[in-house]
$ cat input.cif   # mmCIF, C-alpha atoms
data_work
loop_
_atom_site.label_atom_id
_atom_site.label_comp_id
_atom_site.auth_asym_id
_atom_site.auth_seq_id
_atom_site.Cartn_x
_atom_site.Cartn_y
_atom_site.Cartn_z
CA MET U 1 184.70 301.33 90.67
CA GLN U 2 185.48 302.70 94.13
CA SER U 3 188.44 301.32 96.03
CA SER U 4 187.66 298.73 98.71
CA SER U 5 188.68 301.19 101.45
CA VAL U 6 185.79 303.55 100.66
CA PHE U 7 183.27 301.20 99.06
CA VAL U 8 180.00 301.22 100.98
CA PRO U 9 177.57 298.68 99.52
CA ASP U 10 173.87 299.34 99.13
CA VAL U 11 173.23 295.62 99.49
CA SER U 12 175.25 292.53 100.38
CA VAL U 13 174.86 289.08 98.88
CA ILE U 14 176.08 285.94 100.63
CA LEU U 15 177.24 283.23 98.21
CA PRO U 16 178.12 280.01 100.10
CA CYS U 17 180.52 277.98 97.94
CA ALA U 18 182.17 275.77 100.56
CA GLY U 19 179.94 272.71 100.30
CA SER U 20 181.41 269.47 99.02
CA ALA U 21 178.25 268.30 97.17
CA THR U 22 179.22 264.63 97.25
CA ARG U 23 175.92 263.74 95.54
CA PHE U 24 176.98 265.64 92.44
CA SER U 25 179.72 263.08 91.63
CA ALA U 26 181.78 265.29 89.31
CA PRO U 27 185.52 266.07 89.29
CA TYR U 28 184.81 269.81 89.53
CA SER U 29 182.70 272.05 91.74
CA LYS U 30 179.01 271.65 90.99
CA GLU U 31 178.52 275.37 90.38
CA LEU U 32 181.01 275.21 87.50
CA HIS U 33 178.92 272.68 85.59
CA CYS U 34 178.55 273.98 82.03
CA LEU U 35 175.00 274.71 80.83
CA ALA U 36 175.97 276.37 77.53
CA PRO U 37 179.23 277.48 75.92
CA GLY U 38 180.86 279.86 78.40
CA VAL U 39 177.92 279.70 80.82
CA THR U 40 177.99 277.75 84.08
CA VAL U 41 175.42 277.10 86.80
CA LEU U 42 177.21 279.78 88.82
CA ASP U 43 176.73 282.34 86.06
CA ARG U 44 173.03 281.54 85.94
CA SER U 45 172.66 281.71 89.72
CA LEU U 46 174.26 285.17 89.71
CA GLU U 47 172.04 286.63 86.98
CA ALA U 48 169.66 288.19 89.50
CA VAL U 49 172.64 289.63 91.42
CA VAL U 50 174.02 291.17 88.23
CA GLU U 51 170.58 292.71 87.72
CA LEU U 52 171.00 294.52 91.06
CA THR U 53 174.05 296.33 89.70
CA LYS U 54 172.18 297.20 86.49
CA SER U 55 169.52 298.86 88.65
CA GLY U 56 172.22 301.16 90.06
CA LEU U 57 172.94 299.42 93.37
CA ASN U 58 176.46 298.91 94.72
CA VAL U 59 176.72 295.21 95.54
CA ARG U 60 179.12 293.46 97.88
CA LEU U 61 179.35 289.74 97.12
CA VAL U 62 180.55 287.81 100.17
CA VAL U 63 181.84 284.45 98.94
CA VAL U 64 182.27 281.67 101.49
CA PHE U 65 184.78 279.06 100.33
CA GLY U 66 186.73 276.03 101.49
CA PRO U 67 190.14 274.64 100.53
CA HIS U 68 188.60 272.48 97.79
CA LYS U 69 186.97 275.45 96.02
CA MET U 70 189.95 277.25 94.50
CA ASP U 71 188.49 276.60 91.04
CA THR U 72 185.39 278.56 91.99
CA VAL U 73 187.43 281.38 93.52
CA LYS U 74 189.44 281.64 90.30
CA TYR U 75 186.31 281.53 88.15
CA LEU U 76 184.72 284.42 90.02
CA ALA U 77 187.49 286.73 88.80
CA ARG U 78 185.28 287.39 85.77
CA TYR U 79 183.00 289.39 88.10
CA ALA U 80 185.73 291.61 89.53
CA GLU U 81 184.42 294.66 87.68
CA THR U 82 180.77 293.89 88.49
CA PHE U 83 180.73 293.53 92.27
CA GLN U 84 182.95 294.24 95.20
CA MET U 85 183.93 290.70 96.20
CA VAL U 86 184.97 289.61 99.68
CA PHE U 87 186.16 286.04 100.31
CA VAL U 88 185.62 284.36 103.67
CA TYR U 89 187.09 280.99 104.59
CA GLN U 90 184.74 278.55 106.30
CA ASN U 91 186.28 276.43 109.04
CA GLU U 92 184.03 273.37 109.00
CA SER U 93 185.18 272.25 112.45
CA SER U 94 183.85 275.38 114.14
CA GLU U 95 181.12 276.53 111.71
CA PRO U 96 179.85 273.48 109.82
CA ASP U 97 177.12 273.17 107.21
CA LEU U 98 175.23 275.85 105.32
CA ASP U 99 174.10 277.72 108.42
CA GLY U 100 177.74 277.87 109.50
CA ALA U 101 178.74 279.31 106.13
CA ILE U 102 176.14 282.05 106.52
CA ARG U 103 177.41 282.88 110.00
CA CYS U 104 180.95 283.17 108.61
CA ALA U 105 179.77 285.68 106.03
CA LEU U 106 177.53 287.91 108.16
CA PRO U 107 180.30 290.06 109.74
CA MET U 108 181.30 291.18 106.22
CA THR U 109 177.80 292.28 105.19
CA ARG U 110 176.38 295.79 105.20
CA GLY U 111 172.86 296.94 104.39
CA PRO U 112 170.10 294.50 103.47
CA VAL U 113 171.42 291.00 102.85
CA ALA U 114 170.45 288.39 100.27
CA LEU U 115 171.25 284.70 100.39
CA VAL U 116 171.99 283.26 96.94
CA LEU U 117 173.04 279.64 96.54
CA PRO U 118 175.50 278.88 93.72
CA ASP U 119 173.68 275.71 92.65
CA ILE U 120 170.17 277.18 92.58
CA VAL U 121 168.94 278.86 89.38
CA VAL U 122 165.71 280.82 89.08
CA SER U 123 164.19 281.07 85.63
CA GLY U 124 161.24 282.52 83.76
CA GLY U 125 160.34 285.89 82.30
CA ASP U 126 160.28 287.59 85.69
CA SER U 127 163.39 285.98 87.15
CA ALA U 128 166.00 288.66 86.38
CA GLY U 129 164.42 291.25 88.66
CA SER U 130 163.16 288.79 91.26
CA LEU U 131 165.92 289.42 93.80
CA LEU U 132 165.51 293.18 93.51
CA ALA U 133 161.79 292.74 94.16
CA ALA U 134 162.50 290.58 97.22
CA LEU U 135 164.94 293.16 98.59
CA ARG U 136 162.35 295.88 98.17
CA ASP U 137 159.90 293.67 100.08
CA THR U 138 162.21 293.77 103.10
CA GLU U 139 161.57 297.48 103.50
CA VAL U 140 158.01 296.60 104.53
CA THR U 141 158.07 293.06 105.93
CA GLY U 142 161.72 292.66 106.92
CA TRP U 143 162.00 289.54 104.76
CA GLY U 144 161.43 288.64 101.12
CA VAL U 145 161.70 285.35 99.26
CA VAL U 146 161.99 284.35 95.63
CA ALA U 147 159.96 281.17 95.38
CA ALA U 148 158.39 278.70 92.98
CA GLU U 149 155.15 276.80 93.43
CA GLU U 150 155.59 273.08 94.08
CA ARG U 151 153.23 270.30 95.15
CA ASP U 152 155.50 267.26 94.73
CA PRO U 153 156.29 265.95 98.26
CA SER U 154 159.59 264.41 97.13
CA VAL U 155 160.81 267.81 95.92
CA LEU U 156 159.61 269.70 98.98
CA ARG U 157 161.42 267.27 101.28
CA GLN U 158 164.73 268.35 99.70
CA MET U 159 164.18 272.11 99.70
CA GLY U 160 163.35 275.08 101.88
CA ALA U 161 159.61 274.51 101.95
CA LEU U 162 157.08 277.33 102.18
CA ALA U 163 153.34 277.63 102.71
CA VAL U 164 152.57 280.63 100.51
CA VAL U 165 149.19 282.27 101.00
CA ASP U 166 147.38 285.03 99.14
CA GLU U 167 146.22 287.79 101.48
CA ASP U 168 144.16 290.34 99.56
CA GLY U 169 146.34 289.95 96.48
CA ALA U 170 149.65 290.01 98.37
CA LEU U 171 151.62 286.75 98.56
CA THR U 172 153.12 286.03 101.97
CA VAL U 173 154.73 283.08 103.71
CA GLY U 174 152.42 281.53 106.27
CA ALA U 175 154.92 278.91 107.41
CA ALA U 176 158.41 277.75 106.44
CA THR U 177 160.83 274.99 107.27
CA ASP U 178 163.91 273.44 105.72
CA LYS U 179 163.55 269.94 104.23
CA PRO U 180 160.35 268.92 106.05
CA ALA U 181 159.74 265.27 106.87
CA ASP U 182 156.04 265.86 106.23
CA PRO U 183 155.60 268.40 103.42
CA ALA U 184 151.80 268.13 103.20
CA ALA U 185 151.22 271.67 104.47
CA TYR U 186 153.60 273.31 101.97
CA ASN U 187 153.04 274.47 98.40
CA ALA U 188 156.30 276.18 97.35
CA TYR U 189 160.02 276.41 98.01
CA TRP U 190 162.46 279.29 98.05
CA GLY U 191 165.38 279.92 95.71
CA MET U 192 166.70 283.18 97.16
CA VAL U 193 166.09 284.96 100.46
CA ALA U 194 166.44 288.65 101.32
CA ALA U 195 166.56 290.17 104.80
CA ALA U 196 166.58 293.73 106.09
CA GLU U 197 169.86 294.68 107.78
CA LYS U 198 168.33 294.46 111.26
CA GLU U 199 167.00 290.95 110.51
CA ALA U 200 170.07 289.52 108.77
CA HIS U 201 171.47 287.94 111.95
CA ARG U 202 168.66 285.38 111.65
CA LEU U 203 169.62 284.23 108.15
CA PRO U 204 171.33 281.06 109.49
CA ASP U 205 167.96 280.02 110.97
CA VAL U 206 166.48 279.89 107.45
CA VAL U 207 168.49 276.69 106.83
CA GLY U 208 169.07 275.62 110.44
CA LYS U 209 167.76 272.42 112.00
CA GLY U 210 165.54 272.48 115.07
CA VAL U 211 164.94 276.24 114.96
CA ASP U 212 161.94 278.34 114.00
CA SER U 213 162.26 279.80 110.51
CA PRO U 214 162.22 283.60 110.36
CA LEU U 215 160.48 283.44 106.97
CA ALA U 216 156.95 283.29 108.39
CA GLY U 217 155.36 286.57 107.35
CA ALA U 218 157.87 287.22 104.56
CA ALA U 219 156.68 288.67 101.29
CA ALA U 220 156.83 286.08 98.50
CA HIS U 221 157.79 286.78 94.89
CA LEU U 222 156.95 283.83 92.64
CA VAL U 223 158.97 282.89 89.56
CA ALA U 224 158.24 280.29 86.90
CA ASP U 225 160.85 277.76 88.00
CA ILE U 226 163.73 277.13 90.37
CA VAL U 227 166.23 274.40 89.52
CA ASN U 228 168.50 272.75 92.08
CA TYR U 229 171.70 271.62 90.37
CA ASN U 230 173.10 269.96 93.47
CA THR U 231 172.14 266.63 91.91
CA PRO U 232 172.43 266.44 88.11
CA ALA U 233 169.52 265.08 86.16
CA GLY U 234 169.77 261.41 85.53
#
$ encode --input "input.cif" --output "structure tokens"
Amino acid sequence: MQSSSVFVPDVSVILPCAGSATRFSAPYSKELHCLAPGVTVLDRSLEAVVELTKSGLNVRLVVVFGPHKMDTVKYLARYAETFQMVFVYQNESSEPDLDGAIRCALPMTRGPVALVLPDIVVSGGDSAGSLLAALRDTEVTGWGVVAAEERDPSVLRQMGALAVVDEDGALTVGAATDKPADPAAYNAYWGMVAAAEKEAHRLPDVVGKGVDSPLAGAAAHLVADIVNYNTPAG
């Protein structure tokens, strides 16, 4: 692996790990919840990012953390030989919430940028290469999303909702908003987002409140399922 002084990534991935996730109600960070022996939610959420390195890309993982996430920082040491990792502290007083975490990370990114959430897991036979496909989409449309179909209004109200349309065999996002009060017009939600380098400054608007989503017109890559582990199953 190249030294950090000369490492130039082909793609950057923002991993926001600073959230408190009070709804999770566990004594450890939600992304460290064990799904199988030696496998956590975080490991599953990073599978598509690992696939980027297997395709030959140099990946910079920009991890946003807070003072209560030292367990996650320590856990990520297992990926030291897989990615170049950069850690950015989020000051909640000046840059609060998820959009603030993304803004903290952006100065450390180079090349096209993907947003991967540590408590969101994509699954299905096509999931491993889904992020790579979304990044390739950005070369044409500027934006790509990994999404799953969903019609349940209660689910769509809690997620980044999308109206995915089929235009001559190509799936695109007709409209997008985060956690809509009225989800009737939406039929999917995103699990990962990719942006071309020149569009990456708008990534905070993907999860921002009271702003137009930049995802309208994005290419959509559908996977079988996307699971949100922010709230454990009851």
$ resolve_selection --input "input.cif" --expression "the PyMOL selection byres ((chain U and resi 117) around 8)" --output "PyMOL selection string"
chain U and resi 15-17+45+115-116+118-120+191-192
$ closest_atom_pairs --input "input.cif" --of "segment 8-100 of chain U" --to "segment 133-144 of chain U" --cutoff "12 Å" --atoms "only C-alpha atoms" --output "Markdown table"
| residue | atom | partner | partner_atom | distance |
| --- | --- | --- | --- | --- |
| U:Asp10 | CA | U:Leu135 | CA | 10.9 |
| U:Val11 | CA | U:Leu135 | CA | 8.7 |
| U:Ser12 | CA | U:Leu135 | CA | 10.5 |
| U:Val13 | CA | U:Leu135 | CA | 10.7 |
| U:Ala48 | CA | U:Ala133 | CA | 10.2 |
| U:Val49 | CA | U:Leu135 | CA | 11.1 |
| U:Glu51 | CA | U:Ala133 | CA | 10.9 |
| U:Leu52 | CA | U:Leu135 | CA | 9.8 |
| U:Ser55 | CA | U:Ala133 | CA | 11.3 |
| U:Leu57 | CA | U:Leu135 | CA | 11.4 |
$ closest_residue --input "input.cif" --among "U:Ser93, U:Gln84, U:Ser127, U:Thr109" --to "Val223 of chain U" --atoms "all atoms listed in the file"
U:Ser127
$ closest_residue --input "input.cif" --among "U:Arg110, U:Pro67, U:Leu162, U:Ala184" --to "Glu92 of chain U" --atoms "all atoms listed in the file"
U:Pro67
$ closest_residue --input "input.cif" --among "U:Thr40, U:Ser154, U:Thr177, U:Ser29" --to "Met70 of chain U" --atoms "only C-alpha atoms"
U:Ser29
$ residues_around --input "input.cif" --residues "Val63 of chain U" --least-positions-apart "4" --cutoff "10 Å" --atoms "only C-alpha atoms" --output "PyMOL selection string"
chain U and resi 13-18+72-73+76+85-90+101-102+104-105+108+118
$ resolve_selection --input "input.cif" --expression "the PyMOL selection byres ((chain U and resi 229) around 8)" --output "ChimeraX atom specification"
/U:30-31,41,119-121,227-228,230-232
$ write_last_selection --input "input.cif" --atoms "C-alpha atoms" --output "PDB file, keeping the file's coordinate frame"
ATOM      1  CA  LYS U  30     179.010 271.650  90.990  1.00  0.00           C
ATOM      2  CA  GLU U  31     178.520 275.370  90.380  1.00  0.00           C
ATOM      3  CA  VAL U  41     175.420 277.100  86.800  1.00  0.00           C
ATOM      4  CA  ASP U 119     173.680 275.710  92.650  1.00  0.00           C
ATOM      5  CA  ILE U 120     170.170 277.180  92.580  1.00  0.00           C
ATOM      6  CA  VAL U 121     168.940 278.860  89.380  1.00  0.00           C
ATOM      7  CA  VAL U 227     166.230 274.400  89.520  1.00  0.00           C
ATOM      8  CA  ASN U 228     168.500 272.750  92.080  1.00  0.00           C
ATOM      9  CA  ASN U 230     173.100 269.960  93.470  1.00  0.00           C
ATOM     10  CA  THR U 231     172.140 266.630  91.910  1.00  0.00           C
ATOM     11  CA  PRO U 232     172.430 266.440  88.110  1.00  0.00           C
TER      12      PRO U 232
END
$ atom_distance --input "input.cif" --atom1 "atom CA of Asp71 of chain U" --atom2 "atom CA of Pro96 of chain U"
20.9 Å
$ residues_near_point --input "input.cif" --point "(175.2, 286.2, 110.1)" --cutoff "7 Å" --atoms "all atoms listed in the file" --output "MDAnalysis selection string"
chainID U and resid 102:107 200:204
$ closest_residue --input "input.cif" --among "U:Val62, U:Ala224, U:Val146, U:Ala219" --to "Glu167 of chain U" --atoms "only C-alpha atoms"
U:Ala219
$ atom_distance --input "input.cif" --atom1 "atom CA of Val206 of chain U" --atom2 "atom CA of Val193 of chain U"
8.6 Å
$ atom_distance --input "input.cif" --atom1 "atom CA of Thr172 of chain U" --atom2 "atom CA of Glu197 of chain U"
19.7 Å
$ resolve_selection --input "input.cif" --expression "the PyMOL selection byres ((chain U and resi 164-166) around 8)" --output "list in words"
Leu162, Ala163, Glu167, Asp168, Gly169, Ala170, Leu171, Thr172, Val173, Gly174, Ala175, Tyr186, Asn187, Ala188 and Ala220 of chain U
$ decode --input "input.cif" --residues "segment 43-60 of chain U" --atoms "N, CA, C and O atoms" --output "PDB file, in the first residue's frame"
ATOM      1  N   ASP U  43     -19.388  -4.302   9.226  1.00  0.00           N
ATOM      2  CA  ASP U  43     -18.750  -5.153   8.212  1.00  0.00           C
ATOM      3  C   ASP U  43     -19.659  -5.340   7.004  1.00  0.00           C
ATOM      4  O   ASP U  43     -19.216  -5.272   5.857  1.00  0.00           O
ATOM      5  N   ARG U  44     -20.929  -5.576   7.274  1.00  0.00           N
ATOM      6  CA  ARG U  44     -21.879  -5.777   6.179  1.00  0.00           C
ATOM      7  C   ARG U  44     -22.065  -4.495   5.371  1.00  0.00           C
ATOM      8  O   ARG U  44     -22.181  -4.543   4.140  1.00  0.00           O
ATOM      9  N   SER U  45     -22.115  -3.357   6.056  1.00  0.00           N
ATOM     10  CA  SER U  45     -22.320  -2.098   5.338  1.00  0.00           C
ATOM     11  C   SER U  45     -21.129  -1.748   4.457  1.00  0.00           C
ATOM     12  O   SER U  45     -21.275  -1.050   3.447  1.00  0.00           O
ATOM     13  N   LEU U  46     -19.948  -2.272   4.813  1.00  0.00           N
ATOM     14  CA  LEU U  46     -18.734  -1.974   4.047  1.00  0.00           C
ATOM     15  C   LEU U  46     -18.448  -2.990   2.943  1.00  0.00           C
ATOM     16  O   LEU U  46     -17.468  -2.837   2.209  1.00  0.00           O
ATOM     17  N   GLU U  47     -19.281  -4.006   2.809  1.00  0.00           N
ATOM     18  CA  GLU U  47     -19.009  -5.038   1.802  1.00  0.00           C
ATOM     19  C   GLU U  47     -18.906  -4.460   0.397  1.00  0.00           C
ATOM     20  O   GLU U  47     -18.027  -4.838  -0.391  1.00  0.00           O
ATOM     21  N   ALA U  48     -19.792  -3.530   0.059  1.00  0.00           N
ATOM     22  CA  ALA U  48     -19.747  -2.937  -1.281  1.00  0.00           C
ATOM     23  C   ALA U  48     -18.516  -2.064  -1.455  1.00  0.00           C
ATOM     24  O   ALA U  48     -18.001  -1.906  -2.570  1.00  0.00           O
ATOM     25  N   VAL U  49     -18.027  -1.473  -0.354  1.00  0.00           N
ATOM     26  CA  VAL U  49     -16.809  -0.655  -0.421  1.00  0.00           C
ATOM     27  C   VAL U  49     -15.592  -1.556  -0.616  1.00  0.00           C
ATOM     28  O   VAL U  49     -14.684  -1.238  -1.401  1.00  0.00           O
ATOM     29  N   VAL U  50     -15.565  -2.683   0.066  1.00  0.00           N
ATOM     30  CA  VAL U  50     -14.491  -3.658  -0.130  1.00  0.00           C
ATOM     31  C   VAL U  50     -14.464  -4.115  -1.583  1.00  0.00           C
ATOM     32  O   VAL U  50     -13.397  -4.306  -2.180  1.00  0.00           O
ATOM     33  N   GLU U  51     -15.651  -4.272  -2.165  1.00  0.00           N
ATOM     34  CA  GLU U  51     -15.739  -4.702  -3.561  1.00  0.00           C
ATOM     35  C   GLU U  51     -15.068  -3.692  -4.496  1.00  0.00           C
ATOM     36  O   GLU U  51     -14.522  -4.069  -5.536  1.00  0.00           O
ATOM     37  N   LEU U  52     -15.099  -2.409  -4.132  1.00  0.00           N
ATOM     38  CA  LEU U  52     -14.421  -1.395  -4.945  1.00  0.00           C
ATOM     39  C   LEU U  52     -12.925  -1.682  -5.021  1.00  0.00           C
ATOM     40  O   LEU U  52     -12.308  -1.564  -6.088  1.00  0.00           O
ATOM     41  N   THR U  53     -12.331  -2.063  -3.899  1.00  0.00           N
ATOM     42  CA  THR U  53     -10.894  -2.356  -3.896  1.00  0.00           C
ATOM     43  C   THR U  53     -10.599  -3.622  -4.697  1.00  0.00           C
ATOM     44  O   THR U  53      -9.568  -3.707  -5.369  1.00  0.00           O
ATOM     45  N   LYS U  54     -11.510  -4.589  -4.653  1.00  0.00           N
ATOM     46  CA  LYS U  54     -11.316  -5.819  -5.426  1.00  0.00           C
ATOM     47  C   LYS U  54     -11.369  -5.544  -6.924  1.00  0.00           C
ATOM     48  O   LYS U  54     -10.799  -6.291  -7.722  1.00  0.00           O
ATOM     49  N   SER U  55     -12.070  -4.471  -7.307  1.00  0.00           N
ATOM     50  CA  SER U  55     -12.148  -4.114  -8.724  1.00  0.00           C
ATOM     51  C   SER U  55     -10.902  -3.371  -9.193  1.00  0.00           C
ATOM     52  O   SER U  55     -10.781  -3.047 -10.375  1.00  0.00           O
ATOM     53  N   GLY U  56      -9.993  -3.066  -8.242  1.00  0.00           N
ATOM     54  CA  GLY U  56      -8.745  -2.402  -8.598  1.00  0.00           C
ATOM     55  C   GLY U  56      -8.685  -0.928  -8.259  1.00  0.00           C
ATOM     56  O   GLY U  56      -7.682  -0.264  -8.538  1.00  0.00           O
ATOM     57  N   LEU U  57      -9.733  -0.394  -7.630  1.00  0.00           N
ATOM     58  CA  LEU U  57      -9.752   1.023  -7.288  1.00  0.00           C
ATOM     59  C   LEU U  57      -9.029   1.274  -5.965  1.00  0.00           C
ATOM     60  O   LEU U  57      -9.101   0.470  -5.036  1.00  0.00           O
ATOM     61  N   ASN U  58      -8.336   2.408  -5.885  1.00  0.00           N
ATOM     62  CA  ASN U  58      -7.781   2.884  -4.619  1.00  0.00           C
ATOM     63  C   ASN U  58      -8.869   3.673  -3.899  1.00  0.00           C
ATOM     64  O   ASN U  58      -9.413   4.635  -4.440  1.00  0.00           O
ATOM     65  N   VAL U  59      -9.185   3.268  -2.687  1.00  0.00           N
ATOM     66  CA  VAL U  59     -10.308   3.841  -1.948  1.00  0.00           C
ATOM     67  C   VAL U  59      -9.812   4.595  -0.725  1.00  0.00           C
ATOM     68  O   VAL U  59      -9.006   4.075   0.059  1.00  0.00           O
ATOM     69  N   ARG U  60     -10.297   5.812  -0.572  1.00  0.00           N
ATOM     70  CA  ARG U  60     -10.085   6.557   0.672  1.00  0.00           C
ATOM     71  C   ARG U  60     -11.385   6.541   1.454  1.00  0.00           C
ATOM     72  O   ARG U  60     -12.418   7.023   0.977  1.00  0.00           O
TER      73      ARG U  60
END
